[in-house]
>>> print(open('protein.cif').read())   # mmCIF, C-alpha atoms and all ligand atoms
data_final
loop_
_atom_site.label_atom_id
_atom_site.label_comp_id
_atom_site.auth_asym_id
_atom_site.auth_seq_id
_atom_site.Cartn_x
_atom_site.Cartn_y
_atom_site.Cartn_z
CA MET A 1 80.11 87.62 23.59
CA ARG A 2 79.06 84.45 25.37
CA LYS A 3 76.76 82.05 23.66
CA ALA A 4 73.54 80.92 25.37
CA LEU A 5 71.61 78.18 23.62
CA ILE A 6 67.91 77.62 24.31
CA VAL A 7 67.07 73.96 23.68
CA ILE A 8 63.36 73.47 23.01
CA PRO A 9 62.00 69.94 22.46
CA THR A 10 58.87 69.81 20.36
CA TYR A 11 56.24 67.24 19.62
CA ASN A 12 53.19 68.65 17.83
CA GLU A 13 53.71 72.27 18.76
CA LYS A 14 52.84 73.96 15.47
CA GLY A 15 50.42 76.38 17.18
CA ASN A 16 53.00 77.64 19.68
CA ILE A 17 56.50 77.50 18.32
CA LYS A 18 56.67 80.42 15.92
CA SER A 19 55.40 83.05 18.33
CA LEU A 20 57.55 81.59 21.10
CA ILE A 21 60.76 81.83 19.06
CA GLU A 22 59.97 85.42 18.14
CA GLU A 23 59.36 86.25 21.78
CA VAL A 24 62.70 84.68 22.82
CA PHE A 25 64.62 86.86 20.40
CA SER A 26 62.58 89.92 21.26
CA VAL A 27 63.14 89.75 25.05
CA THR A 28 66.88 89.07 24.65
CA LYS A 29 67.80 91.53 21.93
CA ASN A 30 69.26 94.09 24.35
CA LEU A 31 71.50 91.72 26.29
CA GLU A 32 75.06 92.97 26.17
CA ILE A 33 77.31 90.00 26.82
CA TRP A 34 75.05 87.22 25.59
CA SER A 35 74.30 86.06 22.10
CA ILE A 36 71.20 83.88 21.97
CA GLU A 37 70.65 80.87 19.71
CA ILE A 38 67.85 78.32 19.67
CA LEU A 39 67.98 74.58 19.06
CA ILE A 40 64.65 72.91 18.29
CA VAL A 41 64.66 69.14 18.85
CA ASP A 42 61.66 67.86 16.98
CA SER A 43 60.61 64.20 17.09
CA HIS A 44 59.14 64.11 13.59
CA SER A 45 55.94 65.82 14.76
CA PRO A 46 53.09 64.69 12.51
CA ASP A 47 51.55 68.18 12.67
CA GLY A 48 54.46 69.64 10.69
CA THR A 49 56.25 71.57 13.44
CA ALA A 50 59.57 71.10 11.60
CA LYS A 51 58.21 72.74 8.48
CA ILE A 52 57.41 75.88 10.44
CA ILE A 53 60.95 75.89 11.86
CA LYS A 54 62.49 75.61 8.41
CA GLU A 55 60.35 78.57 7.39
CA ILE A 56 61.54 80.85 10.24
CA GLN A 57 65.13 79.70 9.78
CA LYS A 58 65.09 81.85 6.65
CA LYS A 59 64.60 84.93 8.80
CA TYR A 60 66.94 84.13 11.73
CA LYS A 61 69.54 82.15 9.73
CA GLU A 62 72.23 80.46 11.85
CA LYS A 63 70.56 81.62 15.08
CA ILE A 64 68.08 78.75 14.82
CA HIS A 65 69.16 75.12 14.67
CA LEU A 66 66.90 72.16 13.99
CA LEU A 67 67.62 68.60 15.04
CA GLU A 68 65.17 65.92 14.00
CA THR A 69 65.01 62.77 16.13
CA GLU A 70 62.91 59.67 16.68
CA LYS A 71 60.01 59.90 19.12
CA GLU A 72 61.58 58.37 22.24
CA GLY A 73 60.35 60.62 25.04
CA LEU A 74 61.38 63.97 26.47
CA GLY A 75 64.57 62.76 28.18
CA LYS A 76 65.94 61.23 24.99
CA ALA A 77 65.08 64.38 23.03
CA TYR A 78 67.10 66.46 25.47
CA PHE A 79 69.90 63.90 25.47
CA LYS A 80 70.25 64.07 21.68
CA GLY A 81 69.86 67.84 21.70
CA PHE A 82 72.61 68.29 24.28
CA GLU A 83 74.94 65.94 22.45
CA TYR A 84 74.40 67.90 19.25
CA ALA A 85 74.81 71.23 21.04
CA LEU A 86 78.10 70.30 22.70
CA GLU A 87 79.56 68.98 19.50
CA LYS A 88 78.30 71.47 16.94
CA ILE A 89 77.20 74.68 18.68
CA LYS A 90 79.49 74.83 21.75
CA PRO A 91 77.51 77.25 23.93
CA TYR A 92 78.59 78.51 27.35
CA VAL A 93 75.12 78.03 28.83
CA ILE A 94 72.32 75.71 27.78
CA PHE A 95 68.66 76.37 28.59
CA GLU A 96 65.88 73.81 28.83
CA MET A 97 62.51 75.23 27.88
CA ASP A 98 59.07 73.95 26.85
CA ALA A 99 57.59 74.93 23.51
CA ASP A 100 54.03 75.54 24.68
CA TRP A 101 54.36 78.97 26.39
CA SER A 102 54.28 77.44 29.89
CA HIS A 103 57.77 78.89 30.30
CA LEU A 104 57.62 82.60 29.57
CA PRO A 105 60.70 83.81 27.69
CA LYS A 106 60.71 87.09 29.63
CA TYR A 107 62.58 85.31 32.46
CA ILE A 108 65.62 84.46 30.30
CA PRO A 109 67.57 87.62 31.28
CA GLU A 110 67.05 86.84 34.98
CA PHE A 111 68.46 83.34 34.50
CA LEU A 112 71.50 84.80 32.73
CA LYS A 113 71.99 87.36 35.48
CA LYS A 114 72.26 84.53 38.03
CA ILE A 115 74.84 82.85 35.81
CA GLU A 116 76.81 86.11 35.66
CA GLU A 117 76.66 86.20 39.45
CA GLY A 118 78.32 82.79 39.68
CA ALA A 119 75.57 80.17 39.44
CA ASP A 120 76.29 77.00 37.46
CA PHE A 121 72.71 75.78 37.36
CA VAL A 122 69.63 78.04 37.53
CA ILE A 123 66.18 76.58 38.14
CA GLY A 124 62.96 78.35 37.24
CA SER A 125 60.97 77.55 40.37
CA ARG A 126 57.19 77.50 40.65
CA TYR A 127 57.35 76.70 44.34
CA THR A 128 59.34 79.59 45.73
CA LYS A 129 58.21 83.07 46.81
CA GLY A 130 57.13 84.90 43.67
CA GLY A 131 56.46 81.76 41.65
CA SER A 132 53.22 79.90 40.95
CA ILE A 133 51.36 77.12 39.18
CA PRO A 134 48.11 77.79 37.30
CA LYS A 135 45.10 78.04 39.63
CA ASN A 136 42.98 75.92 37.33
CA TRP A 137 45.26 72.87 37.32
CA GLY A 138 43.26 69.75 38.13
CA LEU A 139 43.53 68.39 41.63
CA ASP A 140 45.47 65.36 40.38
CA ARG A 141 48.13 67.39 38.62
CA LYS A 142 48.52 69.71 41.62
CA PHE A 143 48.77 66.71 43.90
CA PHE A 144 51.40 64.90 41.81
CA SER A 145 53.48 68.01 41.28
CA ILE A 146 53.44 69.37 44.83
CA LEU A 147 53.77 66.03 46.60
CA GLY A 148 56.39 64.81 44.13
CA ASN A 149 58.53 67.85 44.77
CA GLN A 150 58.27 67.43 48.55
CA VAL A 151 59.31 63.77 48.31
CA ILE A 152 62.35 64.68 46.22
CA ARG A 153 63.32 67.70 48.34
CA TRP A 154 63.30 65.77 51.60
CA GLY A 155 64.43 62.47 50.10
CA PHE A 156 67.60 64.23 48.97
CA MET A 157 67.68 66.43 52.10
CA LYS A 158 67.95 69.56 49.96
CA PRO A 159 65.05 71.67 51.21
CA LYS A 160 66.40 74.87 49.67
CA ILE A 161 65.79 73.50 46.18
CA THR A 162 62.07 73.95 45.83
CA ASP A 163 61.34 72.80 42.29
CA TRP A 164 63.11 69.63 41.19
CA THR A 165 60.85 68.77 38.28
CA SER A 166 60.83 72.17 36.65
CA GLY A 167 61.70 71.92 32.99
CA TYR A 168 62.80 75.56 32.74
CA ARG A 169 66.50 75.93 33.58
CA ALA A 170 69.85 77.31 32.54
CA ILE A 171 72.87 75.05 32.94
CA LYS A 172 76.54 75.70 32.24
CA SER A 173 77.81 73.42 29.50
CA TRP A 174 80.52 71.80 31.59
CA ILE A 175 77.89 70.26 33.85
CA ILE A 176 75.99 68.82 30.93
CA LYS A 177 79.20 67.54 29.39
CA ASP A 178 80.16 65.81 32.66
CA ASN A 179 76.75 64.25 33.24
CA LEU A 180 75.62 63.31 29.79
CA PRO A 181 77.36 59.93 29.47
CA SER A 182 75.49 58.64 32.53
CA MET A 183 72.13 59.92 31.30
CA LYS A 184 71.87 57.92 28.13
CA ASN A 185 69.12 55.62 29.33
CA ARG A 186 66.85 58.16 30.98
CA SER A 187 64.18 58.59 28.37
CA GLY A 188 61.27 60.05 30.33
CA TYR A 189 60.54 63.21 32.25
CA VAL A 190 62.71 61.96 35.18
CA PHE A 191 65.66 63.18 33.10
CA GLN A 192 65.11 66.55 34.80
CA VAL A 193 65.49 65.23 38.33
CA ALA A 194 68.52 63.13 37.40
CA MET A 195 70.35 66.05 35.77
CA LEU A 196 69.89 68.22 38.85
CA ASP A 197 70.90 65.46 41.28
CA LYS A 198 74.09 64.77 39.34
CA ALA A 199 74.91 68.47 39.15
CA ILE A 200 74.59 68.85 42.92
CA LYS A 201 76.83 65.83 43.45
CA LYS A 202 79.43 67.44 41.17
CA GLY A 203 79.40 70.51 43.42
CA ALA A 204 77.55 72.88 41.06
CA VAL A 205 76.31 76.20 42.48
CA ILE A 206 72.49 76.07 42.26
CA LYS A 207 70.30 79.21 42.15
CA GLN A 208 66.58 79.70 41.62
CA VAL A 209 64.49 82.23 39.73
CA PRO A 210 60.78 82.39 40.67
CA ILE A 211 58.52 81.76 37.66
CA HIS A 212 54.80 81.82 37.01
CA PHE A 213 54.12 78.61 35.11
CA LYS A 214 51.36 79.19 32.54
CA ASN A 215 48.94 76.75 30.99
CA ARG A 216 50.00 75.62 27.53
CA LYS A 217 48.62 77.82 24.77
CA GLU A 218 47.76 75.30 22.05
CA GLY A 219 47.72 71.50 21.79
CA GLU A 220 47.97 69.06 24.66
CA SER A 221 50.40 67.75 27.28
CA LYS A 222 52.29 64.51 26.68
CA ILE A 223 53.04 63.81 30.32
CA ASN A 224 51.91 60.58 31.97
CA SER A 225 51.71 61.60 35.63
CA LEU A 226 51.58 58.13 37.10
CA LYS A 227 54.52 56.81 35.11
CA TYR A 228 56.46 59.97 35.91
CA SER A 229 55.74 59.65 39.64
CA ILE A 230 56.88 56.03 39.74
CA GLN A 231 60.08 56.80 37.81
CA THR A 232 60.80 59.76 40.06
CA PHE A 233 60.13 57.90 43.26
CA SER A 234 62.39 55.01 42.33
CA TYR A 235 65.08 57.45 41.21
CA VAL A 236 65.06 59.13 44.61
CA LEU A 237 65.10 55.79 46.44
CA THR A 238 68.13 54.58 44.52
CA HIS A 239 70.08 57.86 44.42
CA SER A 240 69.52 59.63 47.71
CA SER A 241 72.54 59.61 50.04
CA PHE A 242 70.21 60.27 52.91
CA ILE A 243 67.98 57.26 52.30
CA LYS A 244 71.00 55.02 51.77
CA PHE A 245 72.52 56.33 54.98
CA VAL A 246 69.35 55.42 56.89
CA ILE A 247 69.42 51.91 55.37
CA VAL A 248 73.08 51.53 56.33
CA GLY A 249 72.22 52.56 59.89
CA PHE A 250 69.52 49.92 59.98
CA ILE A 251 71.92 47.24 58.71
CA GLY A 252 74.38 48.33 61.41
CA PHE A 253 71.70 47.90 64.03
CA ILE A 254 71.00 44.34 62.84
CA ILE A 255 74.71 43.45 62.78
CA ASP A 256 75.24 44.82 66.27
CA PHE A 257 72.22 43.00 67.62
CA SER A 258 72.96 39.62 66.00
CA ILE A 259 76.65 39.51 66.89
CA SER A 260 76.05 40.40 70.53
CA PHE A 261 73.32 37.77 70.59
CA LEU A 262 75.67 35.14 69.11
CA LEU A 263 78.49 35.98 71.50
CA ILE A 264 76.31 35.95 74.59
CA GLU A 265 73.86 33.17 73.81
CA LYS A 266 75.87 30.86 71.57
CA ALA A 267 79.52 31.49 72.46
CA ASN A 268 78.57 31.63 76.14
CA PHE A 269 80.43 34.76 77.08
CA PRO A 270 80.63 34.91 80.89
CA LYS A 271 78.40 37.44 82.65
CA ASN A 272 81.27 39.72 83.54
CA LYS A 273 82.28 39.87 79.82
CA TYR A 274 78.93 41.10 78.45
CA TRP A 275 80.43 44.55 78.04
CA LEU A 276 83.11 42.99 75.84
CA ALA A 277 80.54 41.15 73.70
CA ASN A 278 78.69 44.42 73.14
CA THR A 279 81.88 46.35 72.42
CA ILE A 280 82.88 43.78 69.80
CA SER A 281 79.46 43.74 68.13
CA GLY A 282 79.17 47.52 68.28
CA GLU A 283 82.58 48.03 66.74
CA ILE A 284 81.93 45.53 63.95
CA ALA A 285 78.72 47.42 63.17
CA ILE A 286 80.68 50.69 63.13
CA VAL A 287 83.25 49.26 60.72
CA SER A 288 80.50 47.96 58.45
CA ASN A 289 78.63 51.30 58.56
CA PHE A 290 81.80 53.16 57.73
CA ILE A 291 82.56 50.95 54.73
CA LEU A 292 78.98 50.89 53.41
CA ASN A 293 78.63 54.65 53.77
CA ASN A 294 81.93 55.28 52.04
CA PHE A 295 81.32 53.02 49.06
CA TRP A 296 77.56 53.35 48.79
CA SER A 297 75.72 56.20 50.54
CA PHE A 298 78.43 58.78 49.95
CA SER A 299 80.17 57.09 47.03
CA HIS A 300 80.26 60.40 45.11
CA LYS A 301 82.41 61.83 47.93
CA LYS A 302 84.53 58.73 48.62
CA ILE A 303 87.50 59.25 50.93
CA ASP A 304 90.80 59.63 49.09
CA ASN A 305 92.88 56.57 48.63
CA ASN A 306 95.28 57.41 51.40
CA LEU A 307 95.69 55.30 54.51
CA PHE A 308 96.23 58.26 56.82
CA THR A 309 93.02 60.08 55.80
CA TYR A 310 91.16 56.79 56.06
CA LEU A 311 92.34 56.25 59.59
CA THR A 312 91.66 59.77 60.81
CA LYS A 313 88.20 59.74 59.25
CA PHE A 314 87.49 56.34 60.76
CA LEU A 315 88.48 57.74 64.14
CA LYS A 316 86.13 60.69 63.68
CA PHE A 317 83.42 58.27 62.62
CA ASN A 318 83.89 56.40 65.89
CA LEU A 319 83.68 59.64 67.85
CA ILE A 320 80.41 60.62 66.16
CA SER A 321 79.03 57.14 66.81
CA ALA A 322 80.05 57.39 70.46
CA GLY A 323 78.20 60.71 70.53
CA SER A 324 75.08 58.93 69.26
CA VAL A 325 75.31 56.37 72.03
CA ILE A 326 75.66 59.07 74.67
CA ILE A 327 72.76 61.14 73.28
CA GLN A 328 70.60 58.05 73.18
CA SER A 329 71.33 56.88 76.70
CA LEU A 330 70.97 60.35 78.21
CA GLY A 331 67.78 61.00 76.26
CA VAL A 332 66.11 57.76 77.30
CA GLN A 333 67.06 58.45 80.91
CA ILE A 334 65.74 62.01 80.86
CA PHE A 335 62.38 61.01 79.38
CA THR A 336 62.15 58.09 81.80
CA ASN A 337 62.64 60.43 84.74
CA ILE A 338 60.12 62.96 83.45
CA ILE A 339 57.38 60.77 81.97
CA GLY A 340 58.01 57.35 83.46
CA PRO A 341 59.68 54.09 82.40
CA GLN A 342 56.73 52.40 80.66
CA TYR A 343 57.36 54.05 77.25
CA TRP A 344 61.14 53.59 77.05
CA ILE A 345 60.97 51.94 73.60
CA ALA A 346 59.04 54.91 72.24
CA TYR A 347 61.64 57.31 73.65
CA LYS A 348 64.39 55.32 72.05
CA ILE A 349 62.73 55.20 68.61
CA GLY A 350 61.82 58.88 68.82
CA ILE A 351 65.35 59.89 69.75
CA ILE A 352 66.84 57.80 66.94
CA MET A 353 64.48 59.27 64.36
CA PHE A 354 64.48 62.90 65.38
CA VAL A 355 67.89 63.36 66.97
CA ILE A 356 70.38 60.62 66.08
CA ILE A 357 69.60 60.36 62.36
CA PRO A 358 69.76 64.12 61.63
CA TYR A 359 72.70 64.58 64.03
CA SER A 360 74.88 61.94 62.44
CA TYR A 361 73.85 62.81 58.87
CA VAL A 362 74.83 66.44 59.39
CA LEU A 363 78.11 65.58 61.12
CA TYR A 364 79.11 62.98 58.52
CA ASN A 365 78.58 65.56 55.79
CA LYS A 366 80.49 68.15 57.73
CA PHE A 367 83.48 66.16 58.94
CA ILE A 368 83.81 62.92 57.00
CA TRP A 369 82.21 62.97 53.56
CA LYS A 370 82.68 66.63 52.73
CA LYS A 371 81.78 68.21 49.42
CA LYS A 372 84.67 67.93 47.02
N1 LIG B 401 61.14 66.15 20.83
C1 LIG B 401 60.26 65.74 21.75
N2 LIG B 401 60.02 64.41 21.89
N3 LIG B 401 59.63 66.64 22.52
C2 LIG B 401 58.74 66.23 23.44
C3 LIG B 401 58.43 64.86 23.64
C4 LIG B 401 59.12 63.91 22.81
O1 LIG B 401 58.93 62.71 22.90
N4 LIG B 401 57.52 64.79 24.65
C5 LIG B 401 57.26 66.06 25.04
N5 LIG B 401 57.97 66.93 24.30
C6 LIG B 401 58.03 68.41 24.41
C7 LIG B 401 56.70 69.10 24.24
O2 LIG B 401 56.44 69.41 22.88
C8 LIG B 401 56.91 70.37 25.07
O3 LIG B 401 57.61 71.37 24.37
C9 LIG B 401 57.80 69.89 26.20
O4 LIG B 401 58.44 68.70 25.72
C10 LIG B 401 57.01 69.60 27.48
O5 LIG B 401 56.00 68.67 27.18
P1 LIG B 401 54.52 68.82 27.76
O6 LIG B 401 53.76 67.67 27.24
O7 LIG B 401 53.99 70.19 27.51
O8 LIG B 401 54.85 68.58 29.29
P2 LIG B 401 54.10 69.16 30.55
O9 LIG B 401 53.68 70.58 30.39
O10 LIG B 401 53.05 68.19 30.95
O11 LIG B 401 55.30 69.08 31.63
C11 LIG B 401 56.06 70.21 32.00
O12 LIG B 401 56.04 70.32 33.38
C12 LIG B 401 56.68 69.26 34.08
C13 LIG B 401 56.60 69.48 35.57
O13 LIG B 401 55.31 69.76 35.99
C14 LIG B 401 57.52 70.06 31.51
O14 LIG B 401 58.17 71.28 31.73
C15 LIG B 401 58.26 68.97 32.22
O15 LIG B 401 59.65 69.02 31.85
C16 LIG B 401 58.13 69.17 33.70
O16 LIG B 401 58.75 68.09 34.37
MN MN B 402 53.43 71.76 28.79
#
>>> encode(input="protein.cif", output="structure tokens")
Amino acid sequence: MRKALIVIPTYNEKGNIKSLIEEVFSVTKNLEIWSIEILIVDSHSPDGTAKIIKEIQKKYKEKIHLLETEKEGLGKAYFKGFEYALEKIKPYVIFEMDADWSHLPKYIPEFLKKIEEGADFVIGSRYTKGGSIPKNWGLDRKFFSILGNQVIRWGFMKPKITDWTSGYRAIKSWIIKDNLPSMKNRSGYVFQVAMLDKAIKKGAVIKQVPIHFKNRKEGESKINSLKYSIQTFSYVLTHSSFIKFVIVGFIGFIIDFSISFLLIEKANFPKNKYWLANTISGEIAIVSNFILNNFWSFSHKKIDNNLFTYLTKFLKFNLISAGSVIIQSLGVQIFTNIIGPQYWIAYKIGIIMFVIIPYSYVLYNKFIWKKK
């Protein structure tokens, strides 16, 4: 039998938790290769949630664990719960699940099926075919949730992952073990996004299960949407390879432009050597882009410490960059011939945004900074 542990953080959930636990055991009782245990992480709820847990522990015995922690936010509760689980319970899979009946236990077998089929990380998605959010959510909550997920999806260039903030997931223990040390200071709800981002960067196989997210049964939500949005947004800005890659490209543009300007205007390169000035500045920009991308944008896929691989990849990088230059010049020329010369700057910006950026990002990922 393989052990699956459902970690449920609770803060004032006395009206929900007992029926939820019973439902979890009831929908999983016929699973053949999985034995289910539950870990409640309660932050000293003033409403006496822990007392209820201690009561049902008498019925389910060692199947229910209780960890009592300080009230330091959802992320910290999960952090402590995971630490405890890895050390004391040693499950094969760990679930994250809310205590308020928003996450229906009936989906647990579907999550486990995906794990059996080879997934390392299964997300319960509200934003995929067959999933949903409650119709009566306020406009503000809908707005934050839907827009937030779009920003993360496209910021990380992972459109196939439709629900980044979902708090209903099943994760293989090895991923949690690998990521936990770097998660220590993520106390808020952004913990969810960070865990998924790190798993993807470790090469985890991600699968989704559509879920209908229900309104909480009893009590009230502890989420602070504005704080959550700000945390999430700054997480994406500082962790997205794609955004860093765009910034690096911009720095490269500035380097290229300033060095050619210096060589031509200040070092007085002769007219017939302008090509040389631009080759030098262009190549310096390429070297800088290559280094910045390797140690910053794609630092999780850094090139091996081997001179030969470095050189061949640098050569490929030059080829891809040369491709960009050719696409750009041809594109500007084609639009100029069709529409006229007066908008050449617009053509150039458009081509960079819609062709060069996606083209080079895809090729870099395919040929230079490949998944490990
Ligand atoms: N131990 C502990 N400590 N538990 C907490 C704390 C805390 O400080 N804060 C919240 N919880 C528990 C709640 O008791 C509940 O079981 C769960 O965490 C989710 O909290 P809610 O307050 O119900 O959050 P929500 O419904 O607004 O947010 C849900 O949806 C978000 C995306 O829309 C959660 O699933 C989030 O994880 C998710 O990001
Ligand atoms: Mn909730």
>>> residues_around(input="protein.cif", residues="Pro105 in chain A", least_positions_apart="3", cutoff="7 Å", atoms="only C-alpha atoms", output="ChimeraX atom specification")
/A:23-24,27,108
>>> write_last_selection(input="protein.cif", atoms="C-alpha atoms", output="compact mmCIF listing (two decimals), in the coordinates of the input")
# COMPACT_ATOMS: atom_id res chain seq x y z
CA GLU A 23 59.36 86.25 21.78
CA VAL A 24 62.70 84.68 22.82
CA VAL A 27 63.14 89.75 25.05
CA ILE A 108 65.62 84.46 30.30
>>> closest_atom_pairs(input="protein.cif", of="chain A", to="ligand LIG 401 (chain B)", cutoff="6 Å", atoms="all atoms listed in the file", output="tab-separated table")
residue	atom	partner	partner_atom	distance
A:Pro9	CA	B:LIG401	N3	4.1
A:Thr10	CA	B:LIG401	O2	3.5
A:Tyr11	CA	B:LIG401	O2	3.9
A:Glu13	CA	B:LIG401	O2	5.7
A:Val41	CA	B:LIG401	N1	5.0
A:Asp42	CA	B:LIG401	N1	4.2
A:Ser43	CA	B:LIG401	N1	4.3
A:Lys71	CA	B:LIG401	O1	4.8
A:Glu72	CA	B:LIG401	O1	5.1
A:Gly73	CA	B:LIG401	O1	3.3
A:Leu74	CA	B:LIG401	C3	4.2
A:Ala77	CA	B:LIG401	N1	4.8
A:Asp98	CA	B:LIG401	O3	3.9
A:Ala99	CA	B:LIG401	O3	3.7
A:Asp100	CA	B:LIG401	O3	5.5
A:Ser145	CA	B:LIG401	O13	5.9
A:Thr165	CA	B:LIG401	O16	4.5
A:Ser166	CA	B:LIG401	C16	5.0
A:Gly167	CA	B:LIG401	O15	3.7
A:Tyr189	CA	B:LIG401	O16	5.6
A:Ser221	CA	B:LIG401	O6	3.4
A:Lys222	CA	B:LIG401	O6	3.5
A:Ile223	CA	B:LIG401	O10	4.4
>>> write_last_selection(input="protein.cif", atoms="C-alpha atoms", output="PDB file, in the coordinates of the input")
ATOM      1  CA  PRO A   9      62.000  69.940  22.460  1.00  0.00           C
ATOM      2  CA  THR A  10      58.870  69.810  20.360  1.00  0.00           C
ATOM      3  CA  TYR A  11      56.240  67.240  19.620  1.00  0.00           C
ATOM      4  CA  GLU A  13      53.710  72.270  18.760  1.00  0.00           C
ATOM      5  CA  VAL A  41      64.660  69.140  18.850  1.00  0.00           C
ATOM      6  CA  ASP A  42      61.660  67.860  16.980  1.00  0.00           C
ATOM      7  CA  SER A  43      60.610  64.200  17.090  1.00  0.00           C
ATOM      8  CA  LYS A  71      60.010  59.900  19.120  1.00  0.00           C
ATOM      9  CA  GLU A  72      61.580  58.370  22.240  1.00  0.00           C
ATOM     10  CA  GLY A  73      60.350  60.620  25.040  1.00  0.00           C
ATOM     11  CA  LEU A  74      61.380  63.970  26.470  1.00  0.00           C
ATOM     12  CA  ALA A  77      65.080  64.380  23.030  1.00  0.00           C
ATOM     13  CA  ASP A  98      59.070  73.950  26.850  1.00  0.00           C
ATOM     14  CA  ALA A  99      57.590  74.930  23.510  1.00  0.00           C
ATOM     15  CA  ASP A 100      54.030  75.540  24.680  1.00  0.00           C
ATOM     16  CA  SER A 145      53.480  68.010  41.280  1.00  0.00           C
ATOM     17  CA  THR A 165      60.850  68.770  38.280  1.00  0.00           C
ATOM     18  CA  SER A 166      60.830  72.170  36.650  1.00  0.00           C
ATOM     19  CA  GLY A 167      61.700  71.920  32.990  1.00  0.00           C
ATOM     20  CA  TYR A 189      60.540  63.210  32.250  1.00  0.00           C
ATOM     21  CA  SER A 221      50.400  67.750  27.280  1.00  0.00           C
ATOM     22  CA  LYS A 222      52.290  64.510  26.680  1.00  0.00           C
ATOM     23  CA  ILE A 223      53.040  63.810  30.320  1.00  0.00           C
TER      24      ILE A 223
END
>>> residues_around(input="protein.cif", residues="range 318-335 of chain A", least_positions_apart="3", cutoff="9 Å", atoms="only C-alpha atoms", output="ChimeraX atom specification")
/A:283,286-287,313-315,338-341,343-345,347-348,351-352,355-357,359-360,363-364
>>> axis_aligned_box(input="protein.cif", around="range 184-196 of chain A", padding_each_side="6 Å", output="AutoDock Vina command-line options")
--center_x 66.2 --center_y 61.9 --center_z 33.5 --size_x 23.3 --size_y 24.6 --size_z 22.7
>>> closest_residue(input="protein.cif", among="A:Ile255, A:Ile8, A:Ala194, A:Leu263", to="ligand MN 402 (chain B)", atoms="only C-alpha atoms and all ligand atoms")
A:Ile8
>>> build_atoms(input="protein.cif", residues="range 100-111 of chain A", atoms="N, CA, C and O atoms", output="compact mmCIF listing (two decimals), in the frame of the given file")
# COMPACT_ATOMS: atom_id res chain seq x y z
N ASP A 100 55.47 75.25 24.68
CA ASP A 100 54.03 75.54 24.68
C ASP A 100 53.63 76.82 25.41
O ASP A 100 52.48 77.00 25.78
N TRP A 101 54.62 77.70 25.70
CA TRP A 101 54.36 78.97 26.39
C TRP A 101 54.10 78.80 27.88
O TRP A 101 53.68 79.74 28.55
N SER A 102 54.37 77.58 28.43
CA SER A 102 54.28 77.44 29.89
C SER A 102 55.44 78.18 30.53
O SER A 102 55.34 78.68 31.65
N HIS A 103 56.57 78.21 29.81
CA HIS A 103 57.77 78.89 30.30
C HIS A 103 57.92 80.22 29.57
O HIS A 103 58.33 80.25 28.41
N LEU A 104 57.59 81.30 30.24
CA LEU A 104 57.62 82.60 29.57
C LEU A 104 59.05 83.04 29.29
O LEU A 104 59.89 83.06 30.19
N PRO A 105 59.34 83.41 28.05
CA PRO A 105 60.70 83.81 27.69
C PRO A 105 61.20 85.05 28.45
O PRO A 105 62.39 85.24 28.58
N LYS A 106 60.28 85.85 28.97
CA LYS A 106 60.71 87.09 29.63
C LYS A 106 61.65 86.84 30.82
O LYS A 106 62.33 87.75 31.28
N TYR A 107 61.68 85.60 31.33
CA TYR A 107 62.58 85.31 32.46
C TYR A 107 64.03 85.06 32.03
O TYR A 107 64.92 85.00 32.88
N ILE A 108 64.27 84.84 30.75
CA ILE A 108 65.62 84.46 30.30
C ILE A 108 66.71 85.40 30.85
O ILE A 108 67.72 84.94 31.37
N PRO A 109 66.51 86.74 30.76
CA PRO A 109 67.57 87.62 31.28
C PRO A 109 67.84 87.43 32.77
O PRO A 109 69.00 87.54 33.20
N GLU A 110 66.81 87.08 33.54
CA GLU A 110 67.05 86.84 34.98
C GLU A 110 67.91 85.59 35.20
O GLU A 110 68.76 85.57 36.09
N PHE A 111 67.64 84.56 34.41
CA PHE A 111 68.46 83.34 34.50
C PHE A 111 69.93 83.70 34.21
O PHE A 111 70.85 83.29 34.92
